[in-house]
Amino acid sequence: MQFPLTSARRHATAAAVAMVGVLCGQAAGQSMNDVQKAATERGLSTADLLAAAKTYTPSGMKDEYIIFSSGGHSGQVFVIGVPSMRLLRSIAVFTPEPWQGWGYGVGEEILAAGMSMGKENLWGDTHHPAISETEGEYDGEWLFINDKINARVGVIDLRDFETKQIIKNPLTVSDHGGTFVTPNTEYVIEGGQYAVPWGSEYAPISEYKEKYKGSVTLWKFDRKKGRIDESRSFAIELPPYWQDLSDAGKLASDGYIFMNSLNTELATGGIESGNPPFEAGASRNATDFLHIIDWHKAEEVYKAGKVEQIKGFPVIMLETALEEGLLHVTPEPRSPHGVDVAPKGDFIVVSGKLDPHVTIYSMAKIKKAIASKTFSGHDEWGVPILDFDSVLEAQVEVGLGPLHTQFGPDGYAYTSLFLDSAVARWTMGGSYGKGTPEPDWTLVHKTPVQYNVGHIGVAEGDTVSPDGKYLVSFNKWSVDRFFPPGPLLPQNFQLLDITGKGTDMPVIYDMPIGFGEPHYAQIIKADKLDPWTIYPEVGWDPHTMSLDPMAPKPKMERVERKGDTVEVYMTSVRSHFNPEHVTVKQGDKVVWRITNIERAVDAVHGFSIPVYNVNLSLEPGETAKIEFVADTAGTFPFYCSEFCSALHLEMMGYFMVEPE
Amino acid sequence: MKTSIVDSILGPRVSQKEQSRHSLRYGMPGFLLLVARVLLLVSLFLPYWHMDLHAPQYPDNLTLTAHINQLGGDVAEIDGLNHYIGMRSLKEAAQFERSVGVYAMILLVVLLEFASYVHSRWAVLLVLPAVLIPAVFLLDLHLWMSHFGMNLDPGAPLSNSIKPFVPPVLGTGVIGQFKTVAWPGVGLILASVASVVLLAALFTHRRAYLPLVRAARKKASG
């Protein structure tokens with residue numbers, strides 16, 4: 001082995017190698033010599049073998065943590081196991097997905113609810129997933145995800161990992177500051193991004209200051225119904241500063257929302273007319289504004305009816321927000337990205353992409369400054385600006401291009417460094433200081449990552465009790481890490497072991513992501529999730545999460561004609577559909593209900609009809625209804641599109657449409 | 001002196017004084033019959049038989065569990081698989097036995113109740129049916145399994161690869177990719193213990209009352 005090893009390392013390596021030996025099974029006559037030989041042949045170092053021992057997950061062993069990752073432009077959510085870094089599935093949200101039948105027979109209604117300005121949107125740009133929380137801890141029941149391109153929010157039920165709701169923000173067309181949840185998931189927060197006139201209506205850019213609006217929307221989550229209740233949701237008007245990432249306060253900062261902004265210069269671009277481009281115009285000032293919003297108070301103001309209806313949606317106007325003292329700002333390093341609340345809620349960490357520091361604000365000082373009106377001035381709209389020095393706790397120089405911060409259990413914080421392509425470990429101060437051997441507010445170590453890291457995720461690292469252990473670096477570029485599958489390269493999720501202290505935080509696994517560019521992801525302890533493996537009863541409608549009284553049942557299969565409508569009641573079970581012949585006349589409306597009556601785990605049946613663009617995934621017990629007009633005459637063999645059994649190919653039938 | 005038929009069936013009576021002098025001798029048969037009755041009644045609530053079906057795609061195995069009156073476990077899944085080899089639905093098996101099983105058992109327990117008042121050899125007739133419960137259960141199960149296993153639909157999809165078969169009623173067998181493992185349930189074990197207890201009851205019964213019967217006979221003839 002080429003590495004000089006410290007004694008501790010050597011022991012750890014010996015233990016790891018011994019573990020590999022045990023796992024390989026000495027009974028089969030294998031020994032450490034075989035491990036040594038295989039490692040030598042593949043050019044693996046001791047560090048590699050140790051990383052393998054920490055991550056290799058033999059068949060049947062389950063992962064300790066689960067990542068819910070935004071799927072980027074796939075418009076979906078990815079579910080990944082840690083430490084194996086195996087992709088378990090994607091969850092269809094904003095984009096039709098044939099394996100799950102999403103948009104090919106099921107989910108159409110939900111997808112249609114996300115229509116923007118009367119147009120179909122068949123993709124999404126998912127950025128920030130948020131697991132539902134109880135008292136600031138992930139509770140593993142629900143997952144929310146935003147779509148930046150069209151300002152939408154998806155709601156996923158973590159009993160069956162299926163999307164139950166998509167809502168379209170009526171006020172804006174792009175969002176980035178979401179989704180984040182309040183500590184008991186009272187609200188799902190969605191901050192807008194690029195300012196537009198209300199409802200994305202037309203207004204010339206010359207009227208930017210007058211007509212273009214910023215906003216934050218608080219979607220009320222009804223946990224019992226498992227849906228966002230639009231009738232109890234509201235928004236707050238903000239200056240058109242291009243609000244960015246946000247986070248909800250907790251414990252010491254409960255009741256507040258923190259939200260960055262990146263264009264306090266109110267740049268309107270126009271490079272083609274000789275104006276400074278946005279990239280220069282929007283980063284001219286040394287600072288932008290961190291928004292501090294009192295949502296507890298805002299809720300009272302909304303309930304008191306002090307709102308205007310805009311596009312049919314209640315909005316607390318900026319003027320009202322200022323009168324009621326809901327909104328303050330304070331300077332933050334320019335072009336900020338992440339704003340992250342520390343586990344106890346006492347510190348708020350902001351990274352300015354163009355500033356090598358992380359800036360740490362104290363919640364106690366913020367509250368004091370608000371109470372004593374310690375303002376350094378007001379912005380153009382009259383928003384009070386809290387004096388920077390009076391709310392600042394510390395600044396830590398961490399490196400170039402700091403973006404996002406997550407927290408460990410022991411007083412370390414971790415910040416992604418986009419330009420340095422590294423993850424920084426630094427120490428927190430205050431009550432966290434005792435957890436680390438190093439002095440407070442100090443950079444401890446930087447681990448290089450490959451390359452251009454965006455968000456990072458620590459196991460439960462944005463909750464009130466971070467687990468630490470694992471950190472995943474969600475890298476934008478992979479450059480030379482994998483076989484290049486053409487010029488479109490995969491993103492790279494890198495797993496870091498952060499159980500050690502000080503400089504010990506090695507990269508231990510690389511996972512290519514070849515479906516879209518993920519942004520944020522959350523990592524939850526697997527035992528907090530309790531997903532179903534089959535639906536509770538035969539005839540279950542995943543959309544309503546209840547038994548469908550109309551669901552076809554065994555011995556009740558039939559085809560019924562009612563005027564020009566033909567209703568099919570079909571069951572599927574290994575290895576047949578019943579009925580197998582369905583004949584209609586061209587022009588008939590077809591209402592096709594089908595139930596998978598299986599009770600065995602994984603006994604999924606597909607149901608696909610050629611030409612008609614239908615493919616369903618029917619999990620055991622699931623029922624679905626598809627409706628279409630049989631406008632094309634012909635003979636259409638339908639079949640089960642999941643290889644369900646030895647007689648899978650025989651699991652088919654004929655759909656016959658007689659010509660007029 | 002001529003004894004009535006009832007008297008001859010009930011056998012000799014034992015005086016209170018004699019009973020208290022030899023309480024163990026005369027008390028034991030009745031006590032053992034009581035134990036057996038309790039065991040049998042308790043067994044009604046417990047499974048009599050289990051079968052696990054092991055196959056690669058069922059890491060948690062499929063299970064079948066038989067009570068006196070019902071068949072539980074993965075019946076629907078097993079039926080689903082059995083349709084490939086042309087076996088009839090398990091729900092059709094032993095319908096009569098399952099519907100009358102509990103009543104029959106209660107009847108047998110009532111017979112045991114009677115048996116404790118009968119001090120003649122007729123007691124054997126009342127006890128013997130209960131002794132045979134485990135054997136009858138297993139025999140009946142075996143007959144149904146052979147009936148189902150040997151009468152497969154020749155038109156079934158897998159009829160050329162799965163030949164008619166009889167899975168062992170206890171122990172292991174193999175059908176296709178499945179290994180079957182069958183073992184007795186707690187109910188059947190209790191019923192078997194009851195059988196042994198009943199045989200012991202008959203033995204103590206004979207020891208207690210046979211001398212009295214002989215003495216009475218001698219007295220009658222002498």
# chains A, B, ... in the order shown; residues from 1 in each chain; ligands from 1
call {"tool": "interface_residues", "arguments": {"of": "chain B", "to": "chain A", "cutoff": "10 Å", "atoms": "only C-alpha atoms", "output": "ChimeraX atom specification"}}
result
/B:57-58,62,74,76-77,80-81,83-84,157-158
call {"tool": "residues_around", "arguments": {"residues": "stretch 168-184 of chain B", "least_positions_apart": "2", "cutoff": "8 Å", "atoms": "only C-alpha atoms", "output": "list of chain:residue names"}}
result
B:Tyr48, B:Trp49, B:His50, B:Met51, B:Asp52, B:Leu53, B:His54, B:Ala55, B:Pro56, B:Leu138, B:Leu141, B:His142, B:Met145, B:Ile162, B:Phe165, B:Val166, B:Val186, B:Gly187, B:Leu188, B:Ile189
call {"tool": "write_last_selection", "arguments": {"atoms": "N, CA, C and O atoms", "output": "compact mmCIF listing (two decimals), in the first residue's frame"}}
result
# COMPACT_ATOMS: atom_id res chain seq x y z
N TYR B 48 -53.55 -25.79 14.21
CA TYR B 48 -53.27 -27.23 14.23
C TYR B 48 -52.12 -27.61 13.33
O TYR B 48 -51.48 -28.63 13.51
N TRP B 49 -51.90 -26.76 12.33
CA TRP B 49 -50.92 -27.20 11.32
C TRP B 49 -50.40 -25.99 10.56
O TRP B 49 -51.13 -25.02 10.34
N HIS B 50 -49.10 -26.05 10.24
CA HIS B 50 -48.49 -24.97 9.46
C HIS B 50 -47.76 -25.56 8.26
O HIS B 50 -47.21 -26.65 8.33
N MET B 51 -47.77 -24.79 7.18
CA MET B 51 -46.88 -25.14 6.08
C MET B 51 -46.23 -23.83 5.60
O MET B 51 -46.90 -22.82 5.40
N ASP B 52 -44.91 -23.89 5.47
CA ASP B 52 -44.18 -22.76 4.87
C ASP B 52 -43.79 -23.18 3.46
O ASP B 52 -43.39 -24.31 3.23
N LEU B 53 -43.94 -22.24 2.52
CA LEU B 53 -43.50 -22.51 1.15
C LEU B 53 -42.33 -21.58 0.86
O LEU B 53 -42.48 -20.35 0.88
N HIS B 54 -41.18 -22.16 0.64
CA HIS B 54 -39.97 -21.38 0.39
C HIS B 54 -39.72 -21.30 -1.11
O HIS B 54 -39.76 -22.32 -1.79
N ALA B 55 -39.48 -20.08 -1.60
CA ALA B 55 -39.09 -19.90 -3.00
C ALA B 55 -38.26 -18.63 -3.07
O ALA B 55 -38.43 -17.72 -2.25
N PRO B 56 -37.35 -18.54 -4.06
CA PRO B 56 -36.45 -17.38 -4.11
C PRO B 56 -37.17 -16.04 -4.09
O PRO B 56 -36.74 -15.12 -3.41
N LEU B 138 -54.75 -35.43 10.82
CA LEU B 138 -53.65 -35.57 9.86
C LEU B 138 -54.06 -36.43 8.67
O LEU B 138 -53.71 -36.15 7.52
N LEU B 141 -56.22 -34.36 6.41
CA LEU B 141 -55.39 -33.38 5.71
C LEU B 141 -54.65 -34.07 4.57
O LEU B 141 -54.59 -33.56 3.44
N HIS B 142 -54.10 -35.23 4.87
CA HIS B 142 -53.35 -35.96 3.85
C HIS B 142 -54.27 -36.33 2.68
O HIS B 142 -53.89 -36.19 1.52
N MET B 145 -54.91 -33.28 0.61
CA MET B 145 -53.74 -32.85 -0.15
C MET B 145 -53.50 -33.79 -1.32
O MET B 145 -53.15 -33.36 -2.42
N ILE B 162 -45.10 -29.62 -14.15
CA ILE B 162 -45.44 -30.05 -12.78
C ILE B 162 -46.37 -31.25 -12.89
O ILE B 162 -47.50 -31.14 -13.35
N PHE B 165 -48.71 -34.48 -7.58
CA PHE B 165 -47.80 -34.68 -6.45
C PHE B 165 -48.61 -34.66 -5.16
O PHE B 165 -49.75 -34.19 -5.14
N VAL B 166 -48.01 -35.19 -4.12
CA VAL B 166 -48.63 -35.10 -2.80
C VAL B 166 -47.60 -34.56 -1.82
O VAL B 166 -46.63 -35.23 -1.49
N VAL B 186 -49.49 -25.72 17.62
CA VAL B 186 -49.63 -25.90 19.07
C VAL B 186 -50.94 -26.63 19.37
O VAL B 186 -51.00 -27.48 20.27
N GLY B 187 -51.98 -26.32 18.61
CA GLY B 187 -53.28 -26.96 18.83
C GLY B 187 -53.19 -28.47 18.67
O GLY B 187 -53.69 -29.24 19.50
N LEU B 188 -52.50 -28.88 17.60
CA LEU B 188 -52.37 -30.32 17.36
C LEU B 188 -51.52 -30.97 18.43
O LEU B 188 -51.81 -32.10 18.87
N ILE B 189 -50.50 -30.24 18.90
CA ILE B 189 -49.65 -30.79 19.96
C ILE B 189 -50.48 -30.95 21.24
O ILE B 189 -50.43 -32.00 21.90
call {"tool": "closest_residue", "arguments": {"among": "B:Leu33, B:Ile85, B:Ala93, B:Ala200", "to": "B:Leu143", "atoms": "only C-alpha atoms"}}
result
B:Ala93
call {"tool": "select_by_dssp", "arguments": {"residues": "stretch 62-293 of chain A", "states": "helix (DSSP H, G or I)", "output": "list in words"}}
result
Glu108, Glu109, Ile110, Leu111, Ala112, Trp198, Gly199, Ser200, Ile205, Ser206, Glu207, Tyr208, Lys209, Glu210, Lys211, Leu251, Ala252, Ser253, Ile271, Glu272, Ser273, Phe278, Glu279, Ala280 and Gly281 of chain A
call {"tool": "select_by_dssp", "arguments": {"residues": "stretch 122-217 of chain B", "states": "strand (DSSP E)", "output": "PyMOL selection string"}}
result
chain B and resi 171-175+178-184
call {"tool": "residues_around", "arguments": {"residues": "stretch 537-539 of chain A", "least_positions_apart": "2", "cutoff": "7 Å", "atoms": "only C-alpha atoms", "output": "number ranges by chain"}}
result
A: 535, 541, 547-548, 551, 595, 597, 621-623
call {"tool": "decode", "arguments": {"residues": "stretch 43-73 of chain B", "atoms": "N, CA and C atoms", "output": "short mmCIF file (atom, residue, chain, number, x, y, z; two decimals), in the first residue's frame"}}
result
data_model
loop_
_atom_site.label_atom_id
_atom_site.label_comp_id
_atom_site.auth_asym_id
_atom_site.auth_seq_id
_atom_site.Cartn_x
_atom_site.Cartn_y
_atom_site.Cartn_z
N SER B 43 -57.22 -26.07 22.58
CA SER B 43 -56.66 -26.29 21.23
C SER B 43 -57.55 -25.73 20.13
N LEU B 44 -58.82 -25.56 20.44
CA LEU B 44 -59.76 -25.03 19.44
C LEU B 44 -59.33 -23.63 18.99
N PHE B 45 -58.65 -22.93 19.89
CA PHE B 45 -58.28 -21.55 19.58
C PHE B 45 -56.88 -21.45 18.96
N LEU B 46 -56.24 -22.57 18.81
CA LEU B 46 -54.84 -22.54 18.36
C LEU B 46 -54.69 -23.25 17.02
N PRO B 47 -53.63 -22.87 16.28
CA PRO B 47 -53.42 -23.51 14.97
C PRO B 47 -53.04 -24.98 15.12
N TYR B 48 -53.55 -25.79 14.21
CA TYR B 48 -53.27 -27.23 14.23
C TYR B 48 -52.12 -27.61 13.33
N TRP B 49 -51.90 -26.76 12.33
CA TRP B 49 -50.92 -27.20 11.32
C TRP B 49 -50.40 -25.99 10.56
N HIS B 50 -49.10 -26.05 10.24
CA HIS B 50 -48.49 -24.97 9.46
C HIS B 50 -47.76 -25.56 8.26
N MET B 51 -47.77 -24.79 7.18
CA MET B 51 -46.88 -25.14 6.08
C MET B 51 -46.23 -23.83 5.60
N ASP B 52 -44.91 -23.89 5.47
CA ASP B 52 -44.18 -22.76 4.87
C ASP B 52 -43.79 -23.18 3.46
N LEU B 53 -43.94 -22.24 2.52
CA LEU B 53 -43.50 -22.51 1.15
C LEU B 53 -42.33 -21.58 0.86
N HIS B 54 -41.18 -22.16 0.64
CA HIS B 54 -39.97 -21.38 0.39
C HIS B 54 -39.72 -21.30 -1.11
N ALA B 55 -39.48 -20.08 -1.60
CA ALA B 55 -39.09 -19.90 -3.00
C ALA B 55 -38.26 -18.63 -3.07
N PRO B 56 -37.35 -18.54 -4.06
CA PRO B 56 -36.45 -17.38 -4.11
C PRO B 56 -37.17 -16.04 -4.09
N GLN B 57 -38.29 -15.93 -4.82
CA GLN B 57 -38.92 -14.61 -4.92
C GLN B 57 -39.83 -14.28 -3.73
N TYR B 58 -39.89 -15.20 -2.76
CA TYR B 58 -40.65 -14.91 -1.53
C TYR B 58 -39.72 -15.03 -0.33
N PRO B 59 -38.86 -14.01 -0.12
CA PRO B 59 -37.87 -14.12 0.97
C PRO B 59 -38.51 -14.30 2.34
N ASP B 60 -39.75 -13.85 2.51
CA ASP B 60 -40.42 -14.05 3.79
C ASP B 60 -41.27 -15.32 3.80
N ASN B 61 -41.15 -16.13 2.77
CA ASN B 61 -41.91 -17.37 2.62
C ASN B 61 -43.41 -17.10 2.50
N LEU B 62 -44.09 -18.06 1.93
CA LEU B 62 -45.56 -18.05 1.98
C LEU B 62 -45.94 -19.01 3.09
N THR B 63 -47.03 -18.71 3.78
CA THR B 63 -47.40 -19.60 4.87
C THR B 63 -48.86 -20.02 4.74
N LEU B 64 -49.12 -21.21 5.24
CA LEU B 64 -50.49 -21.70 5.37
C LEU B 64 -50.65 -22.11 6.83
N THR B 65 -51.78 -21.79 7.42
CA THR B 65 -52.03 -22.17 8.80
C THR B 65 -53.44 -22.73 8.89
N ALA B 66 -53.56 -23.95 9.43
CA ALA B 66 -54.88 -24.55 9.56
C ALA B 66 -55.32 -24.57 11.02
N HIS B 67 -56.49 -24.01 11.27
CA HIS B 67 -57.17 -24.21 12.54
C HIS B 67 -58.22 -25.28 12.28
N ILE B 68 -58.90 -25.70 13.35
CA ILE B 68 -59.96 -26.69 13.18
C ILE B 68 -61.02 -26.18 12.20
N ASN B 69 -61.28 -24.88 12.25
CA ASN B 69 -62.40 -24.36 11.46
C ASN B 69 -61.99 -23.42 10.33
N GLN B 70 -60.70 -23.19 10.15
CA GLN B 70 -60.35 -22.27 9.08
C GLN B 70 -58.93 -22.48 8.58
N LEU B 71 -58.73 -21.95 7.34
CA LEU B 71 -57.43 -22.02 6.71
C LEU B 71 -56.96 -20.58 6.56
N GLY B 72 -55.80 -20.28 7.13
CA GLY B 72 -55.32 -18.90 7.06
C GLY B 72 -53.96 -18.81 6.41
N GLY B 73 -53.42 -17.59 6.39
CA GLY B 73 -52.11 -17.35 5.76
C GLY B 73 -52.29 -16.82 4.36
#
